[in-house]
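*Asks:* To be precise about what I am sending: the file is called upload_22.cif and holds mmCIF, C-alpha atoms.
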data_protein
#
loop_
_atom_site.label_atom_id
_atom_site.label_comp_id
_atom_site.auth_asym_id
_atom_site.auth_seq_id
_atom_site.Cartn_x
_atom_site.Cartn_y
_atom_site.Cartn_z
CA MET A 12 -20.57 -1.38 -1.78
CA ASN A 13 -19.18 1.43 0.36
CA GLU A 14 -17.77 4.17 -1.90
CA THR A 15 -15.56 5.52 0.89
CA ILE A 16 -12.71 3.10 1.52
CA VAL A 17 -10.96 5.04 4.34
CA THR A 18 -12.40 7.45 6.89
CA LEU A 19 -10.44 9.18 9.67
CA ARG A 20 -12.26 11.32 12.21
CA SER A 21 -10.15 13.45 14.56
CA ALA A 22 -7.34 10.87 14.62
CA THR A 23 -4.51 11.70 17.00
CA LYS A 24 -1.33 9.71 17.66
CA THR A 25 1.42 10.55 20.14
CA PHE A 26 4.71 8.97 21.12
CA GLU A 27 7.18 9.20 24.01
CA GLY A 28 4.45 9.36 26.61
CA GLY A 29 2.56 12.10 24.83
CA LEU A 30 5.55 14.39 24.37
CA VAL A 31 5.62 13.96 20.58
CA THR A 32 2.40 14.45 18.60
CA ALA A 33 2.85 12.67 15.28
CA LEU A 34 -0.76 13.01 14.14
CA ASP A 35 -2.86 15.90 15.43
CA ASP A 36 -6.67 15.73 15.07
CA VAL A 37 -6.62 14.58 11.43
CA SER A 38 -9.86 13.94 9.54
CA LEU A 39 -10.12 12.77 5.93
CA GLU A 40 -12.03 10.53 3.55
CA ILE A 41 -10.61 8.50 0.66
CA GLU A 42 -12.88 7.21 -2.07
CA ARG A 43 -12.69 3.79 -3.68
CA GLY A 44 -10.75 3.90 -6.94
CA SER A 45 -9.14 7.29 -6.24
CA PHE A 46 -5.46 8.27 -6.44
CA VAL A 47 -4.21 10.01 -3.30
CA SER A 48 -0.71 11.40 -2.84
CA ILE A 49 0.82 12.21 0.54
CA THR A 50 3.85 14.49 0.79
CA GLY A 51 5.63 16.47 3.47
CA PRO A 52 9.03 16.92 5.10
CA SER A 53 10.57 14.34 7.41
CA GLY A 54 8.78 14.35 10.75
CA SER A 55 5.60 15.87 9.30
CA GLY A 56 3.43 12.87 10.18
CA LYS A 57 3.03 11.25 6.78
CA THR A 58 4.47 7.89 7.88
CA THR A 59 2.22 7.82 10.94
CA LEU A 60 -0.75 8.69 8.75
CA LEU A 61 0.14 5.88 6.35
CA ASN A 62 0.53 3.42 9.25
CA ILE A 63 -2.95 4.23 10.54
CA VAL A 64 -4.59 4.23 7.10
CA GLY A 65 -2.81 0.92 6.40
CA ALA A 66 -3.97 -0.72 9.66
CA MET A 67 -0.41 -1.05 10.92
CA ASP A 68 -1.27 1.04 13.99
CA VAL A 69 -4.28 2.58 15.74
CA PRO A 70 -4.67 6.20 16.89
CA ASP A 71 -4.69 7.16 20.57
CA SER A 72 -8.01 8.89 19.98
CA GLY A 73 -10.42 9.44 17.13
CA GLU A 74 -12.09 7.00 14.76
CA VAL A 75 -10.82 4.96 11.80
CA LEU A 76 -13.04 3.08 9.35
CA ILE A 77 -11.69 0.91 6.54
CA ASP A 78 -14.22 -0.15 3.92
CA GLY A 79 -16.98 0.87 6.31
CA SER A 80 -15.75 -1.21 9.25
CA PRO A 81 -14.40 0.51 12.38
CA VAL A 82 -10.87 -0.32 13.49
CA GLU A 83 -11.42 -0.48 17.22
CA SER A 84 -8.29 -2.17 18.57
CA SER A 85 -4.89 -3.48 17.54
CA ALA A 86 -6.40 -6.98 17.58
CA ASP A 87 -8.26 -6.12 14.37
CA LEU A 88 -5.19 -5.13 12.37
CA ASP A 89 -3.88 -8.45 11.02
CA ALA A 90 -7.23 -9.48 9.55
CA ILE A 91 -7.86 -6.04 8.04
CA ARG A 92 -4.44 -5.94 6.36
CA ALA A 93 -4.86 -9.46 4.96
CA GLU A 94 -8.33 -8.78 3.54
CA LYS A 95 -8.32 -5.12 2.59
CA ILE A 96 -4.81 -3.79 1.95
CA GLY A 97 -1.93 -4.40 -0.44
CA PHE A 98 1.49 -2.87 0.31
CA ILE A 99 4.33 -1.84 -2.00
CA PHE A 100 7.43 -0.55 -0.18
CA GLN A 101 10.59 1.22 -1.33
CA MET A 102 12.70 -1.85 -0.48
CA HIS A 103 10.03 -4.24 -1.89
CA ASN A 104 10.48 -6.58 1.13
CA LEU A 105 10.50 -9.77 -0.94
CA ILE A 106 11.88 -13.01 0.52
CA PRO A 107 15.17 -13.54 -1.37
CA VAL A 108 15.32 -17.34 -1.00
CA LEU A 109 11.95 -17.75 -2.75
CA THR A 110 11.05 -17.44 -6.41
CA ALA A 111 8.96 -14.60 -7.80
CA ARG A 112 5.90 -16.88 -7.92
CA GLN A 113 6.37 -18.10 -4.36
CA ASN A 114 6.60 -14.51 -3.10
CA VAL A 115 3.30 -13.67 -4.79
CA GLU A 116 1.66 -16.73 -3.25
CA ILE A 117 2.54 -15.80 0.36
CA PRO A 118 -0.45 -13.50 1.07
CA MET A 119 -2.77 -16.25 -0.20
CA LEU A 120 -1.58 -18.89 2.28
CA PRO A 121 -4.24 -18.15 4.96
CA ARG A 122 -7.02 -18.36 2.36
CA PRO A 123 -8.89 -21.61 1.59
CA LEU A 124 -7.11 -22.18 -1.73
CA SER A 125 -5.37 -25.29 -2.99
CA SER A 126 -1.69 -25.09 -3.94
CA GLY A 127 -2.73 -25.31 -7.58
CA GLU A 128 -5.16 -22.42 -7.23
CA ARG A 129 -2.50 -20.29 -5.53
CA ARG A 130 -0.03 -21.12 -8.27
CA GLU A 131 -2.43 -20.22 -11.09
CA ARG A 132 -3.42 -16.93 -9.47
CA ALA A 133 0.22 -16.01 -8.85
CA LEU A 134 1.10 -16.79 -12.47
CA GLY A 135 -1.83 -14.70 -13.67
CA LEU A 136 -0.74 -11.73 -11.56
CA LEU A 137 2.86 -12.03 -12.76
CA ASP A 138 1.52 -12.06 -16.30
CA GLU A 139 -0.28 -8.77 -15.60
CA VAL A 140 3.00 -7.13 -14.57
CA LYS A 141 4.82 -8.70 -17.54
CA LEU A 142 6.90 -11.13 -15.50
CA ARG A 143 5.31 -14.53 -16.11
CA ASP A 144 8.49 -15.71 -17.85
CA ARG A 145 10.46 -14.96 -14.65
CA ALA A 146 7.99 -16.73 -12.33
CA ASP A 147 10.46 -19.42 -11.28
CA SER A 148 13.44 -17.08 -11.06
CA SER A 149 15.04 -16.39 -7.71
CA VAL A 150 14.40 -12.87 -6.42
CA ARG A 151 18.18 -12.45 -6.17
CA GLY A 152 18.39 -12.72 -9.97
CA LEU A 153 15.86 -9.96 -10.66
CA SER A 154 16.58 -6.30 -11.33
CA GLY A 155 15.27 -3.58 -9.02
CA GLY A 156 12.40 -2.79 -11.39
CA GLU A 157 11.50 -6.46 -11.73
CA ARG A 158 11.45 -6.87 -7.96
CA GLN A 159 9.03 -3.96 -7.64
CA ARG A 160 6.81 -5.55 -10.28
CA VAL A 161 6.77 -8.76 -8.22
CA ALA A 162 5.88 -6.62 -5.19
CA ILE A 163 2.92 -5.16 -7.11
CA ALA A 164 1.73 -8.64 -8.03
CA ARG A 165 2.07 -9.73 -4.40
CA ALA A 166 0.11 -6.68 -3.23
CA LEU A 167 -2.75 -7.68 -5.54
CA ALA A 168 -2.83 -11.32 -4.44
CA ASN A 169 -5.99 -11.02 -2.33
CA SER A 170 -7.72 -8.40 -4.55
CA PRO A 171 -7.56 -5.64 -1.90
CA PRO A 172 -9.67 -2.49 -2.30
CA LEU A 173 -6.77 -0.37 -0.98
CA LEU A 174 -3.18 -0.18 -2.28
CA LEU A 175 -0.51 1.64 -0.24
CA ALA A 176 2.74 2.58 -1.95
CA ASP A 177 5.46 3.98 0.31
CA GLU A 178 8.19 5.58 -1.86
CA PRO A 179 7.86 2.69 -4.38
CA THR A 180 10.22 4.32 -6.90
CA GLY A 181 12.80 5.63 -4.42
CA ASN A 182 15.51 3.14 -5.39
CA LEU A 183 14.80 3.11 -9.14
CA ASP A 184 16.00 5.23 -12.05
CA SER A 185 13.47 7.74 -13.37
CA ASN A 186 12.33 5.73 -16.38
CA THR A 187 11.82 2.53 -14.39
CA GLY A 188 10.08 4.54 -11.67
CA LEU A 189 7.58 5.96 -14.15
CA GLU A 190 6.99 2.45 -15.53
CA ILE A 191 6.23 1.16 -12.02
CA MET A 192 3.82 4.04 -11.38
CA GLU A 193 2.01 3.38 -14.65
CA MET A 194 1.57 -0.26 -13.62
CA LEU A 195 0.11 0.85 -10.28
CA HIS A 196 -2.31 3.19 -12.02
CA GLU A 197 -3.25 0.48 -14.50
CA GLN A 198 -4.09 -1.88 -11.64
CA ARG A 199 -6.04 0.88 -9.86
CA ARG A 200 -8.15 1.50 -12.96
CA ARG A 201 -8.67 -2.20 -13.57
CA THR A 202 -9.63 -3.19 -10.01
CA SER A 203 -11.14 0.10 -8.70
CA ALA A 204 -8.76 -0.06 -5.74
CA ALA A 205 -7.77 3.23 -4.13
CA LEU A 206 -4.06 3.99 -4.50
CA ILE A 207 -2.34 5.96 -1.73
CA LEU A 208 1.18 7.10 -2.60
CA VAL A 209 3.70 8.50 -0.13
CA THR A 210 6.52 10.21 -1.98
CA HIS A 211 9.00 13.08 -2.03
CA ASN A 212 8.74 13.22 -5.84
CA GLU A 213 6.16 15.86 -6.77
CA VAL A 214 6.13 14.65 -10.40
CA LEU A 215 4.55 11.37 -9.29
CA CYS A 216 1.69 13.31 -7.65
CA GLU A 217 0.43 14.71 -10.94
CA GLY A 218 -3.16 13.76 -11.62
CA ALA A 219 -3.93 12.91 -7.99
CA ASP A 220 -7.58 13.13 -6.97
CA GLN A 221 -6.37 14.25 -3.52
CA HIS A 222 -2.97 15.70 -2.65
CA ILE A 223 -2.43 15.61 1.10
CA ARG A 224 0.50 17.69 2.34
CA MET A 225 1.45 16.98 5.94
CA GLN A 226 3.05 19.51 8.25
CA ASP A 227 3.57 19.17 12.02
CA GLY A 228 1.13 16.27 12.27
CA ARG A 229 -1.68 18.07 10.47
CA ILE A 230 -2.98 18.25 6.93
CA ALA A 231 -1.56 21.52 5.67
#
Written as structure tokens, that's how I'd like the structure from this file.

*Replies:*
Amino acid sequence: MNETIVTLRSATKTFEGGLVTALDDVSLEIERGSFVSITGPSGSGKTTLLNIVGAMDVPDSGEVLIDGSPVESSADLDAIRAEKIGFIFQMHNLIPVLTARQNVEIPMLPRPLSSGERRERALGLLDEVKLRDRADSSVRGLSGGERQRVAIARALANSPPLLLADEPTGNLDSNTGLEIMEMLHEQRRRTSAALILVTHNEVLCEGADQHIRMQDGRIA
């Protein structure tokens, strides 16, 4: 098993016809099971870095490898995200007309699983985040913290080796935010997935194996 889950070599990304350099010759390695925090002011390149690490975009030049496999074109991205990456966003991005369980099942739909197998796995994941009793509740009836716990369960649906959390506590009170972070760390320790956190909250970066501070498209 490859111990390095993400490798960037001289990755560069520009926008507006090359007038704006969002990522400027960035190289880094992220190890499986590690906790990596990314901080920096608005416009520093951290979102672009997260998009490339999370296979949501490809650089204009340079090399990206995820779990040892090169990301060579945008055609690779959907499959890589489905197999390798779990996302937790600030706004959780759950589907409000579905139940908590149904939201967790969505990433499993392309996999060769029966409906019963998807259901049992979703219930098991909700149990891990202490929400099994709310499995059949509408997302609209859940609190902000509960919605983020459903989002964590959904991110783990396909057992990805890489978890990306983009300001996951931004809309939560401090106590609930710390609870959500502890759940993410618990899942990281249990599954050996790497956790990459983008945040403006320096407190949440404590204990990081790598702290990447972005400035003007570079690692400062």

*Asks:* Given the file above and the PyMOL selection byres ((chain A and resi 166) around 12), which residues are selected, and can you give them as an NGL selection string?

*Replies:* :A and (92-100 or 103-105 or 114-119 or 133 or 136-137 or 140 or 159-165 or 167-176 or 195 or 198-199 or 204 or 206)

*Asks:* Show me, as number ranges by chain, the residues that have an atom within 7 Å of Ser203 (chain A) when counting only C-alpha atoms, minus same-chain residues fewer than 2 positions from it.

*Replies:* A: 43-44, 199-201, 205

*Asks:* Residues at most 10 Å from Ile91 (chain A), counting all atoms listed in the file, excluding those fewer than 3 positions away in the same chain, as a list in words?

*Replies:* Gly65, Ala66, Met67, Ile77, Asp78, Ser80, Val82, Ala86, Asp87, Leu88, Glu94, Lys95, Ile96 and Pro171 of chain A

*Asks:* Grab the CA of Ser84 (chain A) to CA of Glu27 (chain A) distance for me, in Å with one decimal place.

*Replies:*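 CA of Glu27 (chain A) lies 20.0 Å from CA of Ser84 (chain A).
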
*Asks:* Can you tell me how far CA of Ser45 (chain A) sits from CA of Gly155 (chain A), in Å to one decimal?

*Replies:* 26.9 Å

*Asks:* Could you please give me, as a PDB file with C-alpha atoms, in the frame of the given file, the residues of protein, DNA or RNA lying at most 9 Å from (-2.2, 16.7, 18.6) in the coordinate frame of the file, considering only C-alpha atoms?

*Replies:*
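That gives us result08.pdb:
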ATOM      1  CA  ALA A  22      -7.340  10.870  14.620  1.00  0.00           C
ATOM      2  CA  THR A  23      -4.510  11.700  17.000  1.00  0.00           C
ATOM      3  CA  LYS A  24      -1.330   9.710  17.660  1.00  0.00           C
ATOM      4  CA  THR A  25       1.420  10.550  20.140  1.00  0.00           C
ATOM      5  CA  VAL A  31       5.620  13.960  20.580  1.00  0.00           C
ATOM      6  CA  THR A  32       2.400  14.450  18.600  1.00  0.00           C
ATOM      7  CA  ALA A  33       2.850  12.670  15.280  1.00  0.00           C
ATOM      8  CA  LEU A  34      -0.760  13.010  14.140  1.00  0.00           C
ATOM      9  CA  ASP A  35      -2.860  15.900  15.430  1.00  0.00           C
ATOM     10  CA  ASP A  36      -6.670  15.730  15.070  1.00  0.00           C
ATOM     11  CA  VAL A  37      -6.620  14.580  11.430  1.00  0.00           C
ATOM     12  CA  GLY A 228       1.130  16.270  12.270  1.00  0.00           C
ATOM     13  CA  ARG A 229      -1.680  18.070  10.470  1.00  0.00           C
TER      14      ARG A 229
END

*Asks:* Hey, which of A:Gly181, A:Val150, A:Ile49, A:Glu139 ends up closest to Glu197 (chain A)? Count all atoms listed in the file.

*Replies:*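 Smallest distance to Glu197 (chain A) is found for A:Glu139.
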
*Asks:* Take the PyMOL selection byres ((chain A and resi 182) around 8), run it mentally on this structure, and tell me the resulting residues as a list in words.

*Replies:*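 Given this file, the PyMOL selection byres ((chain A and resi 182) around 8) evaluates to Gln101, Met102, Gly155, Pro179, Thr180, Gly181, Leu183 and Asp184 of chain A.
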
*Asks:* Report, in Å to a single decimal, how far apart CA of Asp177 (chain A) and CA of Arg130 (chain A) are.

*Replies:*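 Interatomic distance, CA of Arg130 (chain A) to CA of Asp177 (chain A): 27.1 Å.
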
*Asks:* Under the PyMOL selection byres ((chain A and resi 226) around 10), which residues of this model are included? Write them out as a ChimeraX atom specification.

*Replies:* /A:33-35,50-57,223-225,227-231

*Asks:* Select, from A:Met192, A:Leu134, A:Val69, A:Leu153, the residue with the minimum atom-to-atom distance to Pro107 (chain A), counting all atoms listed in the file.

*Replies:*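 Once distances to Pro107 (chain A) are computed over all atoms listed in the file, the minimum belongs to A:Leu153.
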
*Asks:* Using all atoms listed in the file, can you tell me which of A:Val17, A:Phe26, A:Arg112, A:Ala90 comes closest to Asp71 (chain A)?

*Replies:*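 The closest residue to Asp71 (chain A) is A:Phe26.
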
*Asks:* Enumerate, in order of chain and increasing residue number, the residues of region 37-72 of chain A with an atom no farther than 6 Å from region 210-221 of chain A, each with its shortest atom pair and distance in Å to one decimal, counting all atoms listed in the file, as CSV.

*Replies:*
residue,atom,partner,partner_atom,distance
A:Phe46,CA,A:Ala219,CA,5.1
A:Val47,CA,A:Gln221,CA,4.8
A:Ser48,CA,A:Cys216,CA,5.7
A:Thr50,CA,A:Thr210,CA,5.8

*Asks:* Identify, on the basis of only C-alpha atoms, every residue whose closest approach to Arg20 (chain A) does not exceed 8 Å; exclude the query and any residue fewer than 5 positions from it along the same chain; express the result as an MDAnalysis selection string.

*Replies:* chainID A and resid 36:39 73:75

*Asks:* Please put the answer as lines of an AutoDock Vina configuration file: centre and edge lengths, in Å with one decimal, of a box along x, y and z that encloses all listed atoms of region 156-172 of chain A plus 4 Å on each side.

*Replies:*
center_x = 1.4
center_y = -6.9
center_z = -6.8
size_x = 30.1
size_y = 16.8
size_z = 17.8
